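S.K.: Contents of upload34.txt (compact mmCIF, N, CA and C atoms):
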```
# COMPACT_ATOMS: atom_id res chain seq x y z
N MET A 1 0.83 -1.18 0.00
CA MET A 1 0.00 0.00 0.00
C MET A 1 0.88 1.25 0.00
N ALA A 2 0.59 2.15 -0.88
CA ALA A 2 1.40 3.37 -1.02
C ALA A 2 1.09 4.34 0.11
N GLU A 3 2.14 5.03 0.54
CA GLU A 3 2.01 6.08 1.55
C GLU A 3 2.34 7.41 0.89
N ILE A 4 1.63 8.45 1.27
CA ILE A 4 1.87 9.79 0.71
C ILE A 4 3.01 10.45 1.48
N HIS A 5 4.00 10.93 0.73
CA HIS A 5 5.17 11.60 1.31
C HIS A 5 5.49 12.87 0.53
N THR A 6 6.01 13.85 1.24
CA THR A 6 6.60 15.02 0.60
C THR A 6 8.08 14.74 0.48
N LEU A 7 8.60 14.86 -0.75
CA LEU A 7 9.99 14.51 -1.03
C LEU A 7 10.70 15.67 -1.70
N VAL A 8 11.98 15.80 -1.41
CA VAL A 8 12.84 16.76 -2.11
C VAL A 8 13.67 15.94 -3.09
N ILE A 9 13.59 16.29 -4.36
CA ILE A 9 14.29 15.54 -5.40
C ILE A 9 15.72 16.04 -5.51
N ASP A 10 16.66 15.12 -5.33
CA ASP A 10 18.09 15.44 -5.32
C ASP A 10 18.67 15.54 -6.73
N ARG A 11 18.28 14.59 -7.59
CA ARG A 11 18.88 14.55 -8.93
C ARG A 11 18.00 13.69 -9.85
N LEU A 12 18.35 13.69 -11.13
CA LEU A 12 17.69 12.81 -12.09
C LEU A 12 18.51 11.54 -12.25
N GLY A 13 17.83 10.42 -12.31
CA GLY A 13 18.48 9.15 -12.54
C GLY A 13 18.70 8.90 -14.02
N GLN A 14 19.30 7.79 -14.34
CA GLN A 14 19.66 7.49 -15.73
C GLN A 14 18.46 7.28 -16.63
N HIS A 15 17.29 6.99 -16.07
CA HIS A 15 16.09 6.81 -16.88
C HIS A 15 15.19 8.05 -16.85
N GLY A 16 15.64 9.12 -16.20
CA GLY A 16 14.88 10.36 -16.15
C GLY A 16 13.99 10.50 -14.95
N ASP A 17 13.99 9.52 -14.05
CA ASP A 17 13.20 9.63 -12.82
C ASP A 17 13.91 10.55 -11.84
N GLY A 18 13.12 11.35 -11.12
CA GLY A 18 13.69 12.13 -10.03
C GLY A 18 14.05 11.20 -8.89
N ILE A 19 15.16 11.46 -8.22
CA ILE A 19 15.60 10.61 -7.11
C ILE A 19 15.61 11.45 -5.83
N ALA A 20 14.82 10.99 -4.86
CA ALA A 20 14.80 11.61 -3.54
C ALA A 20 15.60 10.71 -2.60
N LEU A 21 16.49 11.29 -1.83
CA LEU A 21 17.27 10.52 -0.86
C LEU A 21 16.55 10.58 0.48
N THR A 22 16.08 9.41 0.94
CA THR A 22 15.32 9.34 2.19
C THR A 22 16.07 8.49 3.20
N GLU A 23 15.58 8.47 4.42
CA GLU A 23 16.21 7.65 5.45
C GLU A 23 16.09 6.16 5.14
N ASN A 24 15.15 5.80 4.28
CA ASN A 24 14.97 4.40 3.87
C ASN A 24 15.65 4.08 2.55
N GLY A 25 16.44 5.01 2.03
CA GLY A 25 17.11 4.81 0.76
C GLY A 25 16.49 5.68 -0.33
N PRO A 26 16.98 5.54 -1.56
CA PRO A 26 16.47 6.38 -2.64
C PRO A 26 15.04 6.00 -3.03
N VAL A 27 14.28 7.03 -3.41
CA VAL A 27 12.93 6.83 -3.95
C VAL A 27 12.93 7.46 -5.34
N TYR A 28 12.48 6.70 -6.34
CA TYR A 28 12.48 7.12 -7.74
C TYR A 28 11.08 7.58 -8.11
N VAL A 29 10.99 8.82 -8.62
CA VAL A 29 9.69 9.41 -8.93
C VAL A 29 9.69 9.90 -10.38
N ALA A 30 8.98 9.16 -11.25
CA ALA A 30 8.85 9.59 -12.64
C ALA A 30 8.11 10.92 -12.70
N GLY A 31 8.62 11.83 -13.54
CA GLY A 31 7.98 13.12 -13.72
C GLY A 31 8.50 14.20 -12.79
N ALA A 32 9.34 13.85 -11.83
CA ALA A 32 9.91 14.83 -10.91
C ALA A 32 11.29 15.26 -11.41
N LEU A 33 11.65 16.50 -11.13
CA LEU A 33 12.93 17.04 -11.57
C LEU A 33 13.81 17.40 -10.37
N ALA A 34 15.11 17.45 -10.61
CA ALA A 34 16.06 17.82 -9.56
C ALA A 34 15.71 19.19 -8.99
N GLY A 35 15.79 19.29 -7.67
CA GLY A 35 15.52 20.55 -6.99
C GLY A 35 14.06 20.77 -6.64
N GLU A 36 13.19 19.89 -7.06
CA GLU A 36 11.77 20.06 -6.79
C GLU A 36 11.37 19.46 -5.45
N THR A 37 10.33 20.01 -4.88
CA THR A 37 9.66 19.41 -3.73
C THR A 37 8.34 18.89 -4.27
N VAL A 38 8.11 17.59 -4.08
CA VAL A 38 6.93 16.95 -4.65
C VAL A 38 6.19 16.15 -3.58
N VAL A 39 4.93 15.89 -3.87
CA VAL A 39 4.15 14.95 -3.07
C VAL A 39 4.02 13.71 -3.94
N ALA A 40 4.34 12.54 -3.35
CA ALA A 40 4.32 11.29 -4.10
C ALA A 40 3.70 10.19 -3.26
N ALA A 41 3.03 9.28 -3.94
CA ALA A 41 2.52 8.06 -3.32
C ALA A 41 3.66 7.04 -3.42
N VAL A 42 4.26 6.70 -2.29
CA VAL A 42 5.47 5.88 -2.27
C VAL A 42 5.15 4.46 -1.84
N SER A 43 5.66 3.53 -2.63
CA SER A 43 5.58 2.11 -2.31
C SER A 43 6.96 1.52 -2.58
N GLY A 44 7.65 1.14 -1.51
CA GLY A 44 9.02 0.65 -1.66
C GLY A 44 9.93 1.77 -2.11
N ASP A 45 10.66 1.54 -3.20
CA ASP A 45 11.58 2.57 -3.70
C ASP A 45 11.01 3.34 -4.89
N ARG A 46 9.71 3.19 -5.15
CA ARG A 46 9.07 3.89 -6.27
C ARG A 46 8.01 4.85 -5.74
N GLY A 47 7.95 6.01 -6.35
CA GLY A 47 6.92 6.98 -6.00
C GLY A 47 6.15 7.40 -7.24
N ARG A 48 4.84 7.55 -7.10
CA ARG A 48 3.99 8.06 -8.18
C ARG A 48 3.73 9.52 -7.87
N LEU A 49 4.10 10.39 -8.79
CA LEU A 49 3.96 11.83 -8.59
C LEU A 49 2.50 12.20 -8.41
N VAL A 50 2.19 12.85 -7.30
CA VAL A 50 0.84 13.33 -7.02
C VAL A 50 0.75 14.81 -7.37
N SER A 51 1.75 15.58 -6.90
CA SER A 51 1.77 17.01 -7.21
C SER A 51 3.18 17.55 -7.05
N VAL A 52 3.43 18.67 -7.72
CA VAL A 52 4.70 19.38 -7.59
C VAL A 52 4.42 20.59 -6.70
N GLU A 53 5.02 20.61 -5.53
CA GLU A 53 4.80 21.70 -4.58
C GLU A 53 5.71 22.89 -4.88
N ILE A 54 6.97 22.61 -5.16
CA ILE A 54 7.93 23.65 -5.56
C ILE A 54 8.59 23.15 -6.84
N ALA A 55 8.32 23.83 -7.95
CA ALA A 55 8.82 23.39 -9.25
C ALA A 55 10.25 23.86 -9.50
N SER A 56 10.96 23.09 -10.28
CA SER A 56 12.29 23.45 -10.74
C SER A 56 12.17 24.61 -11.73
N ALA A 57 13.18 25.45 -11.73
CA ALA A 57 13.24 26.53 -12.73
C ALA A 57 13.39 25.94 -14.13
N ASP A 58 13.82 24.68 -14.21
CA ASP A 58 14.01 24.00 -15.50
C ASP A 58 12.76 23.26 -15.97
N ARG A 59 11.67 23.33 -15.23
CA ARG A 59 10.43 22.65 -15.64
C ARG A 59 9.75 23.47 -16.74
N VAL A 60 9.39 22.79 -17.82
CA VAL A 60 8.70 23.43 -18.94
C VAL A 60 7.47 22.60 -19.30
N VAL A 61 6.59 23.19 -20.09
CA VAL A 61 5.44 22.46 -20.59
C VAL A 61 5.92 21.54 -21.71
N PRO A 62 5.66 20.23 -21.62
CA PRO A 62 6.09 19.32 -22.68
C PRO A 62 5.48 19.71 -24.02
N PHE A 63 6.25 19.57 -25.10
CA PHE A 63 5.77 19.99 -26.41
C PHE A 63 4.87 18.95 -27.06
N CYS A 64 4.86 17.72 -26.58
CA CYS A 64 4.03 16.67 -27.16
C CYS A 64 2.77 16.48 -26.32
N PRO A 65 1.60 16.49 -26.95
CA PRO A 65 0.37 16.30 -26.18
C PRO A 65 0.23 14.90 -25.58
N LEU A 66 1.04 13.95 -26.03
CA LEU A 66 0.97 12.58 -25.51
C LEU A 66 2.00 12.31 -24.41
N PHE A 67 2.80 13.33 -24.07
CA PHE A 67 3.82 13.13 -23.04
C PHE A 67 3.16 12.66 -21.74
N GLY A 68 3.76 11.64 -21.15
CA GLY A 68 3.24 11.11 -19.91
C GLY A 68 2.23 9.99 -20.11
N ARG A 69 1.72 9.84 -21.32
CA ARG A 69 0.75 8.77 -21.60
C ARG A 69 1.33 7.68 -22.48
N CYS A 70 2.14 8.04 -23.48
CA CYS A 70 2.61 7.01 -24.42
C CYS A 70 3.88 6.32 -23.93
N GLY A 71 4.66 6.96 -23.08
CA GLY A 71 5.87 6.35 -22.55
C GLY A 71 7.09 6.47 -23.44
N GLY A 72 6.97 7.18 -24.55
CA GLY A 72 8.09 7.29 -25.49
C GLY A 72 9.17 8.26 -25.07
N CYS A 73 8.87 9.20 -24.22
CA CYS A 73 9.85 10.22 -23.82
C CYS A 73 9.95 10.29 -22.31
N ALA A 74 11.14 10.54 -21.82
CA ALA A 74 11.35 10.57 -20.38
C ALA A 74 11.38 11.98 -19.80
N VAL A 75 11.91 12.95 -20.52
CA VAL A 75 12.17 14.25 -19.90
C VAL A 75 11.73 15.45 -20.74
N GLN A 76 10.61 15.35 -21.43
CA GLN A 76 10.14 16.51 -22.20
C GLN A 76 9.77 17.68 -21.30
N HIS A 77 9.56 17.44 -20.04
CA HIS A 77 9.21 18.50 -19.09
C HIS A 77 10.46 19.21 -18.54
N LEU A 78 11.63 18.83 -19.04
CA LEU A 78 12.90 19.43 -18.64
C LEU A 78 13.37 20.34 -19.76
N ALA A 79 13.71 21.58 -19.43
CA ALA A 79 14.15 22.57 -20.42
C ALA A 79 15.33 22.02 -21.23
N GLY A 80 15.39 22.41 -22.50
CA GLY A 80 16.40 21.91 -23.44
C GLY A 80 17.83 21.92 -22.93
N PRO A 81 18.35 23.05 -22.46
CA PRO A 81 19.74 23.07 -21.98
C PRO A 81 19.97 22.12 -20.80
N ALA A 82 19.02 22.05 -19.89
CA ALA A 82 19.16 21.14 -18.75
C ALA A 82 19.09 19.69 -19.21
N ALA A 83 18.22 19.39 -20.17
CA ALA A 83 18.13 18.03 -20.70
C ALA A 83 19.43 17.63 -21.39
N ALA A 84 20.02 18.55 -22.13
CA ALA A 84 21.29 18.27 -22.81
C ALA A 84 22.41 18.02 -21.79
N ALA A 85 22.44 18.81 -20.72
CA ALA A 85 23.45 18.62 -19.69
C ALA A 85 23.26 17.27 -18.99
N TRP A 86 22.01 16.89 -18.74
CA TRP A 86 21.72 15.60 -18.12
C TRP A 86 22.21 14.45 -19.00
N LYS A 87 21.93 14.54 -20.31
CA LYS A 87 22.38 13.50 -21.25
C LYS A 87 23.91 13.41 -21.26
N ARG A 88 24.57 14.56 -21.33
CA ARG A 88 26.03 14.57 -21.34
C ARG A 88 26.58 13.94 -20.07
N ASP A 89 25.98 14.29 -18.93
CA ASP A 89 26.44 13.74 -17.66
C ASP A 89 26.27 12.23 -17.60
N LEU A 90 25.23 11.69 -18.27
CA LEU A 90 25.06 10.24 -18.32
C LEU A 90 26.24 9.58 -19.03
N VAL A 91 26.70 10.20 -20.11
CA VAL A 91 27.84 9.67 -20.86
C VAL A 91 29.11 9.75 -20.01
N VAL A 92 29.32 10.89 -19.36
CA VAL A 92 30.50 11.07 -18.50
C VAL A 92 30.51 10.02 -17.39
N ALA A 93 29.36 9.81 -16.75
CA ALA A 93 29.27 8.83 -15.66
C ALA A 93 29.52 7.40 -16.16
N ALA A 94 28.97 7.06 -17.32
CA ALA A 94 29.17 5.72 -17.87
C ALA A 94 30.64 5.48 -18.20
N LEU A 95 31.29 6.47 -18.78
CA LEU A 95 32.71 6.32 -19.11
C LEU A 95 33.55 6.19 -17.83
N ALA A 96 33.23 7.01 -16.83
CA ALA A 96 33.98 6.95 -15.57
C ALA A 96 33.78 5.59 -14.91
N HIS A 97 32.56 5.08 -14.95
CA HIS A 97 32.28 3.77 -14.37
C HIS A 97 33.10 2.67 -15.05
N ALA A 98 33.35 2.84 -16.33
CA ALA A 98 34.15 1.88 -17.09
C ALA A 98 35.65 2.14 -16.96
N GLY A 99 36.01 3.17 -16.18
CA GLY A 99 37.42 3.48 -15.97
C GLY A 99 38.05 4.25 -17.11
N LEU A 100 37.24 4.88 -17.93
CA LEU A 100 37.74 5.64 -19.07
C LEU A 100 37.70 7.13 -18.78
N GLU A 101 38.81 7.81 -19.04
CA GLU A 101 38.88 9.24 -18.86
C GLU A 101 39.09 9.89 -20.22
N THR A 102 38.18 10.77 -20.58
CA THR A 102 38.28 11.50 -21.83
C THR A 102 37.45 12.76 -21.74
N GLU A 103 37.74 13.69 -22.58
CA GLU A 103 36.93 14.90 -22.63
C GLU A 103 35.64 14.57 -23.37
N VAL A 104 34.53 15.03 -22.83
CA VAL A 104 33.23 14.81 -23.45
C VAL A 104 32.65 16.18 -23.79
N ALA A 105 32.44 16.41 -25.08
CA ALA A 105 31.91 17.69 -25.54
C ALA A 105 30.43 17.81 -25.20
N ALA A 106 29.90 18.99 -25.38
CA ALA A 106 28.46 19.22 -25.18
C ALA A 106 27.68 18.41 -26.20
N THR A 107 26.45 18.10 -25.87
CA THR A 107 25.61 17.37 -26.81
C THR A 107 25.26 18.25 -28.00
N VAL A 108 24.91 17.61 -29.10
CA VAL A 108 24.52 18.31 -30.31
C VAL A 108 23.04 18.04 -30.54
N PRO A 109 22.20 19.08 -30.52
CA PRO A 109 20.77 18.83 -30.76
C PRO A 109 20.56 18.37 -32.20
N ALA A 110 19.95 17.21 -32.36
CA ALA A 110 19.77 16.65 -33.69
C ALA A 110 18.33 16.23 -33.97
N HIS A 111 17.46 16.49 -33.01
CA HIS A 111 16.10 15.98 -33.17
C HIS A 111 15.03 17.07 -33.27
N GLY A 112 15.40 18.31 -33.18
CA GLY A 112 14.39 19.37 -33.21
C GLY A 112 13.46 19.21 -32.04
N LEU A 113 12.16 19.15 -32.30
CA LEU A 113 11.21 18.95 -31.22
C LEU A 113 10.79 17.50 -31.09
N GLY A 114 11.65 16.58 -31.50
CA GLY A 114 11.32 15.16 -31.44
C GLY A 114 11.48 14.58 -30.06
N ARG A 115 11.60 13.27 -30.01
CA ARG A 115 11.65 12.54 -28.74
C ARG A 115 12.85 12.93 -27.88
N ARG A 116 12.67 12.78 -26.59
CA ARG A 116 13.75 12.95 -25.61
C ARG A 116 13.77 11.72 -24.74
N ARG A 117 14.54 10.75 -25.16
CA ARG A 117 14.58 9.50 -24.42
C ARG A 117 15.91 9.35 -23.76
```
Take the structure in the file and give it back as structure tokens.

M.R.:
Amino acid sequence: MAEIHTLVIDRLGQHGDGIALTENGPVYVAGALAGETVVAAVSGDRGRLVSVEIASADRVVPFCPLFGRCGGCAVQHLAGPAAAAWKRDLVVAALAHAGLETEVAATVPAHGLGRRR
């Protein structure tokens, strides 16, 4: 049974879920962004976003009317520059995890207003 909690989102995970660090471990909340305070229905380590109490400055209105229903995009509600930085950081973290050190340039927008997965 899910319990309602107010959570502060610390960062975005590799799949685009907001991650809140709690005394019981991380809670992953789809649709939440780093820096936000949200209300979520929490069951185990997963939370279902109920409301955003304090929104991130990087929160934008998704450009696709199906966002959140079709499952094709993870972060359309994240502003373009912040989404690009998040993607770049995923690459940097993956390379570091593999023990590889290299310079990683900024991402290159190649999709226009297309998917953000």

S.K.: Dig up all the protein and nucleic acid residues within 6.5 Å of (27.3, 17.6, -20.1) in the file frame, using only N, CA and C atoms, and format them as a ChimeraX atom specification.

M.R.: /A:84-89,105-107

S.K.: Could you save the residues just selected, with N, CA and C atoms, as an mmCIF file, in the coordinates of the input?

M.R.:
```
data_model
loop_
_atom_site.group_PDB
_atom_site.id
_atom_site.type_symbol
_atom_site.label_atom_id
_atom_site.label_comp_id
_atom_site.auth_asym_id
_atom_site.auth_seq_id
_atom_site.Cartn_x
_atom_site.Cartn_y
_atom_site.Cartn_z
ATOM 1 N N ALA A 84 20.020 18.550 -22.130
ATOM 2 C CA ALA A 84 21.290 18.270 -22.810
ATOM 3 C C ALA A 84 22.410 18.020 -21.790
ATOM 4 N N ALA A 85 22.440 18.810 -20.720
ATOM 5 C CA ALA A 85 23.450 18.620 -19.690
ATOM 6 C C ALA A 85 23.260 17.270 -18.990
ATOM 7 N N TRP A 86 22.010 16.890 -18.740
ATOM 8 C CA TRP A 86 21.720 15.600 -18.120
ATOM 9 C C TRP A 86 22.210 14.450 -19.000
ATOM 10 N N LYS A 87 21.930 14.540 -20.310
ATOM 11 C CA LYS A 87 22.380 13.500 -21.250
ATOM 12 C C LYS A 87 23.910 13.410 -21.260
ATOM 13 N N ARG A 88 24.570 14.560 -21.330
ATOM 14 C CA ARG A 88 26.030 14.570 -21.340
ATOM 15 C C ARG A 88 26.580 13.940 -20.070
ATOM 16 N N ASP A 89 25.980 14.290 -18.930
ATOM 17 C CA ASP A 89 26.440 13.740 -17.660
ATOM 18 C C ASP A 89 26.270 12.230 -17.600
ATOM 19 N N ALA A 105 32.440 16.410 -25.080
ATOM 20 C CA ALA A 105 31.910 17.690 -25.540
ATOM 21 C C ALA A 105 30.430 17.810 -25.200
ATOM 22 N N ALA A 106 29.900 18.990 -25.380
ATOM 23 C CA ALA A 106 28.460 19.220 -25.180
ATOM 24 C C ALA A 106 27.680 18.410 -26.200
ATOM 25 N N THR A 107 26.450 18.100 -25.870
ATOM 26 C CA THR A 107 25.610 17.370 -26.810
ATOM 27 C C THR A 107 25.260 18.250 -28.000
#
```

S.K.: CA of Gly25 in chain A and CA of Leu78 in chain A are how many Å apart?

M.R.: 24.7 Å

S.K.: Run DSSP on the backbone and grab whatever in range 74-104 of chain A lands in helix (DSSP H, G or I); send it over as number ranges by chain.

M.R.: A: 80-97

S.K.: When you draw a straight line from CA of Arg46 in chain A to atom C of Val61 in chain A, how long is it in Å?

M.R.: 23.7 Å

S.K.: Counting only C-alpha atoms, what is within 7 Å of range 55-57 of chain A, bar same-chain residues fewer than 2 positions away, as a count of residues only?

M.R.: 8

S.K.: A:Tyr28, A:Leu90, A:Ile54, A:Cys70: which is nearest Gln14 in chain A, counting only C-alpha atoms?

M.R.: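 Ranking A:Tyr28, A:Leu90, A:Ile54, A:Cys70 by distance to Gln14 in chain A, first place goes to A:Leu90.
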
S.K.: Given only C-alpha atoms as the basis, pick out the residue of A:Leu100, A:Val27, A:Gly68, A:Phe63 nearest to Gly13 in chain A.

M.R.: A:Val27

S.K.: From the set A:Ala96, A:Val91, A:Ile4, A:Ala74, which residue has the shortest atom-to-atom contact distance to Gly16 in chain A, counting all atoms listed in the file?

M.R.: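 The answer is A:Ala74, which sits nearest to Gly16 in chain A.
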
S.K.: How many Å separate CA of Ala83 in chain A from CA of Val29 in chain A?

M.R.: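 The value is 16.9 Å.
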
S.K.: Find, counting only N, CA and C atoms, the residue in A:Gly44, A:Cys73, A:Val60, A:His97 that gets nearest to His15 in chain A.

M.R.: A:Cys73

S.K.: When distances are computed from all atoms listed in the file, which of A:Gly18, A:Pro81, A:Gly71, A:Gly99 shows the smallest separation from Ala32 in chain A?

M.R.: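 Ranking A:Gly18, A:Pro81, A:Gly71, A:Gly99 by distance to Ala32 in chain A, first place goes to A:Gly18.
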
S.K.: Kindly compute an axis-aligned box around the listed atoms of range 88-96 of chain A, allowing 6 Å on each side, and express its centre and edge lengths in Å to one decimal as JSON.

M.R.:
```
{"center_x": 29.3, "center_y": 10.0, "center_z": -18.1, "size_x": 21.4, "size_y": 21.1, "size_z": 18.4}
```

S.K.: Which of these, A:Gln76, A:Thr6, A:Thr102, A:Thr22, has the shortest distance to Arg48 in chain A once you count only C-alpha atoms?

M.R.: A:Thr6

S.K.: Quick one: range 33-58 of chain A with N, CA, C and O atoms, as a JSON list (two decimals), in the frame of the given file?

M.R.:
```json
[["chain", "number", "residue", "atom", "x", "y", "z"],
["A", 33, "LEU", "N", 11.65, 16.50, -11.13],
["A", 33, "LEU", "CA", 12.93, 17.04, -11.57],
["A", 33, "LEU", "C", 13.81, 17.40, -10.37],
["A", 33, "LEU", "O", 13.30, 17.68, -9.28],
["A", 34, "ALA", "N", 15.11, 17.45, -10.61],
["A", 34, "ALA", "CA", 16.06, 17.82, -9.56],
["A", 34, "ALA", "C", 15.71, 19.19, -8.99],
["A", 34, "ALA", "O", 15.37, 20.11, -9.73],
["A", 35, "GLY", "N", 15.79, 19.29, -7.67],
["A", 35, "GLY", "CA", 15.52, 20.55, -6.99],
["A", 35, "GLY", "C", 14.06, 20.77, -6.64],
["A", 35, "GLY", "O", 13.73, 21.74, -5.97],
["A", 36, "GLU", "N", 13.19, 19.89, -7.06],
["A", 36, "GLU", "CA", 11.77, 20.06, -6.79],
["A", 36, "GLU", "C", 11.37, 19.46, -5.45],
["A", 36, "GLU", "O", 11.98, 18.50, -4.97],
["A", 37, "THR", "N", 10.33, 20.01, -4.88],
["A", 37, "THR", "CA", 9.66, 19.41, -3.73],
["A", 37, "THR", "C", 8.34, 18.89, -4.27],
["A", 37, "THR", "O", 7.58, 19.64, -4.89],
["A", 38, "VAL", "N", 8.11, 17.59, -4.08],
["A", 38, "VAL", "CA", 6.93, 16.95, -4.65],
["A", 38, "VAL", "C", 6.19, 16.15, -3.58],
["A", 38, "VAL", "O", 6.75, 15.78, -2.55],
["A", 39, "VAL", "N", 4.93, 15.89, -3.87],
["A", 39, "VAL", "CA", 4.15, 14.95, -3.07],
["A", 39, "VAL", "C", 4.02, 13.71, -3.94],
["A", 39, "VAL", "O", 3.67, 13.80, -5.12],
["A", 40, "ALA", "N", 4.34, 12.54, -3.35],
["A", 40, "ALA", "CA", 4.32, 11.29, -4.10],
["A", 40, "ALA", "C", 3.70, 10.19, -3.26],
["A", 40, "ALA", "O", 3.83, 10.17, -2.04],
["A", 41, "ALA", "N", 3.03, 9.28, -3.94],
["A", 41, "ALA", "CA", 2.52, 8.06, -3.32],
["A", 41, "ALA", "C", 3.66, 7.04, -3.42],
["A", 41, "ALA", "O", 3.99, 6.60, -4.51],
["A", 42, "VAL", "N", 4.26, 6.70, -2.29],
["A", 42, "VAL", "CA", 5.47, 5.88, -2.27],
["A", 42, "VAL", "C", 5.15, 4.46, -1.84],
["A", 42, "VAL", "O", 4.48, 4.23, -0.83],
["A", 43, "SER", "N", 5.66, 3.53, -2.63],
["A", 43, "SER", "CA", 5.58, 2.11, -2.31],
["A", 43, "SER", "C", 6.96, 1.52, -2.58],
["A", 43, "SER", "O", 7.41, 1.47, -3.73],
["A", 44, "GLY", "N", 7.65, 1.14, -1.51],
["A", 44, "GLY", "CA", 9.02, 0.65, -1.66],
["A", 44, "GLY", "C", 9.93, 1.77, -2.11],
["A", 44, "GLY", "O", 9.97, 2.84, -1.51],
["A", 45, "ASP", "N", 10.66, 1.54, -3.20],
["A", 45, "ASP", "CA", 11.58, 2.57, -3.70],
["A", 45, "ASP", "C", 11.01, 3.34, -4.89],
["A", 45, "ASP", "O", 11.72, 4.06, -5.57],
["A", 46, "ARG", "N", 9.71, 3.19, -5.15],
["A", 46, "ARG", "CA", 9.07, 3.89, -6.27],
["A", 46, "ARG", "C", 8.01, 4.85, -5.74],
["A", 46, "ARG", "O", 7.27, 4.53, -4.80],
["A", 47, "GLY", "N", 7.95, 6.01, -6.35],
["A", 47, "GLY", "CA", 6.92, 6.98, -6.00],
["A", 47, "GLY", "C", 6.15, 7.40, -7.24],
["A", 47, "GLY", "O", 6.73, 7.56, -8.31],
["A", 48, "ARG", "N", 4.84, 7.55, -7.10],
["A", 48, "ARG", "CA", 3.99, 8.06, -8.18],
["A", 48, "ARG", "C", 3.73, 9.52, -7.87],
["A", 48, "ARG", "O", 3.23, 9.87, -6.79],
["A", 49, "LEU", "N", 4.10, 10.39, -8.79],
["A", 49, "LEU", "CA", 3.96, 11.83, -8.59],
["A", 49, "LEU", "C", 2.50, 12.20, -8.41],
["A", 49, "LEU", "O", 1.66, 11.89, -9.25],
["A", 50, "VAL", "N", 2.19, 12.85, -7.30],
["A", 50, "VAL", "CA", 0.84, 13.33, -7.02],
["A", 50, "VAL", "C", 0.75, 14.81, -7.37],
["A", 50, "VAL", "O", -0.16, 15.24, -8.06],
["A", 51, "SER", "N", 1.75, 15.58, -6.90],
["A", 51, "SER", "CA", 1.77, 17.01, -7.21],
["A", 51, "SER", "C", 3.18, 17.55, -7.05],
["A", 51, "SER", "O", 4.00, 16.98, -6.35],
["A", 52, "VAL", "N", 3.43, 18.67, -7.72],
["A", 52, "VAL", "CA", 4.70, 19.38, -7.59],
["A", 52, "VAL", "C", 4.42, 20.59, -6.70],
["A", 52, "VAL", "O", 3.66, 21.48, -7.07],
["A", 53, "GLU", "N", 5.02, 20.61, -5.53],
["A", 53, "GLU", "CA", 4.80, 21.70, -4.58],
["A", 53, "GLU", "C", 5.71, 22.89, -4.88],
["A", 53, "GLU", "O", 5.27, 24.03, -4.84],
["A", 54, "ILE", "N", 6.97, 22.61, -5.16],
["A", 54, "ILE", "CA", 7.93, 23.65, -5.56],
["A", 54, "ILE", "C", 8.59, 23.15, -6.84],
["A", 54, "ILE", "O", 9.32, 22.15, -6.82],
["A", 55, "ALA", "N", 8.32, 23.83, -7.95],
["A", 55, "ALA", "CA", 8.82, 23.39, -9.25],
["A", 55, "ALA", "C", 10.25, 23.86, -9.50],
["A", 55, "ALA", "O", 10.66, 24.91, -9.01],
["A", 56, "SER", "N", 10.96, 23.09, -10.28],
["A", 56, "SER", "CA", 12.29, 23.45, -10.74],
["A", 56, "SER", "C", 12.17, 24.61, -11.73],
["A", 56, "SER", "O", 11.21, 24.68, -12.50],
["A", 57, "ALA", "N", 13.18, 25.45, -11.73],
["A", 57, "ALA", "CA", 13.24, 26.53, -12.73],
["A", 57, "ALA", "C", 13.39, 25.94, -14.13],
["A", 57, "ALA", "O", 13.10, 26.60, -15.13],
["A", 58, "ASP", "N", 13.82, 24.68, -14.21],
["A", 58, "ASP", "CA", 14.01, 24.00, -15.50],
["A", 58, "ASP", "C", 12.76, 23.26, -15.97],
["A", 58, "ASP", "O", 12.80, 22.62, -17.01]]
```
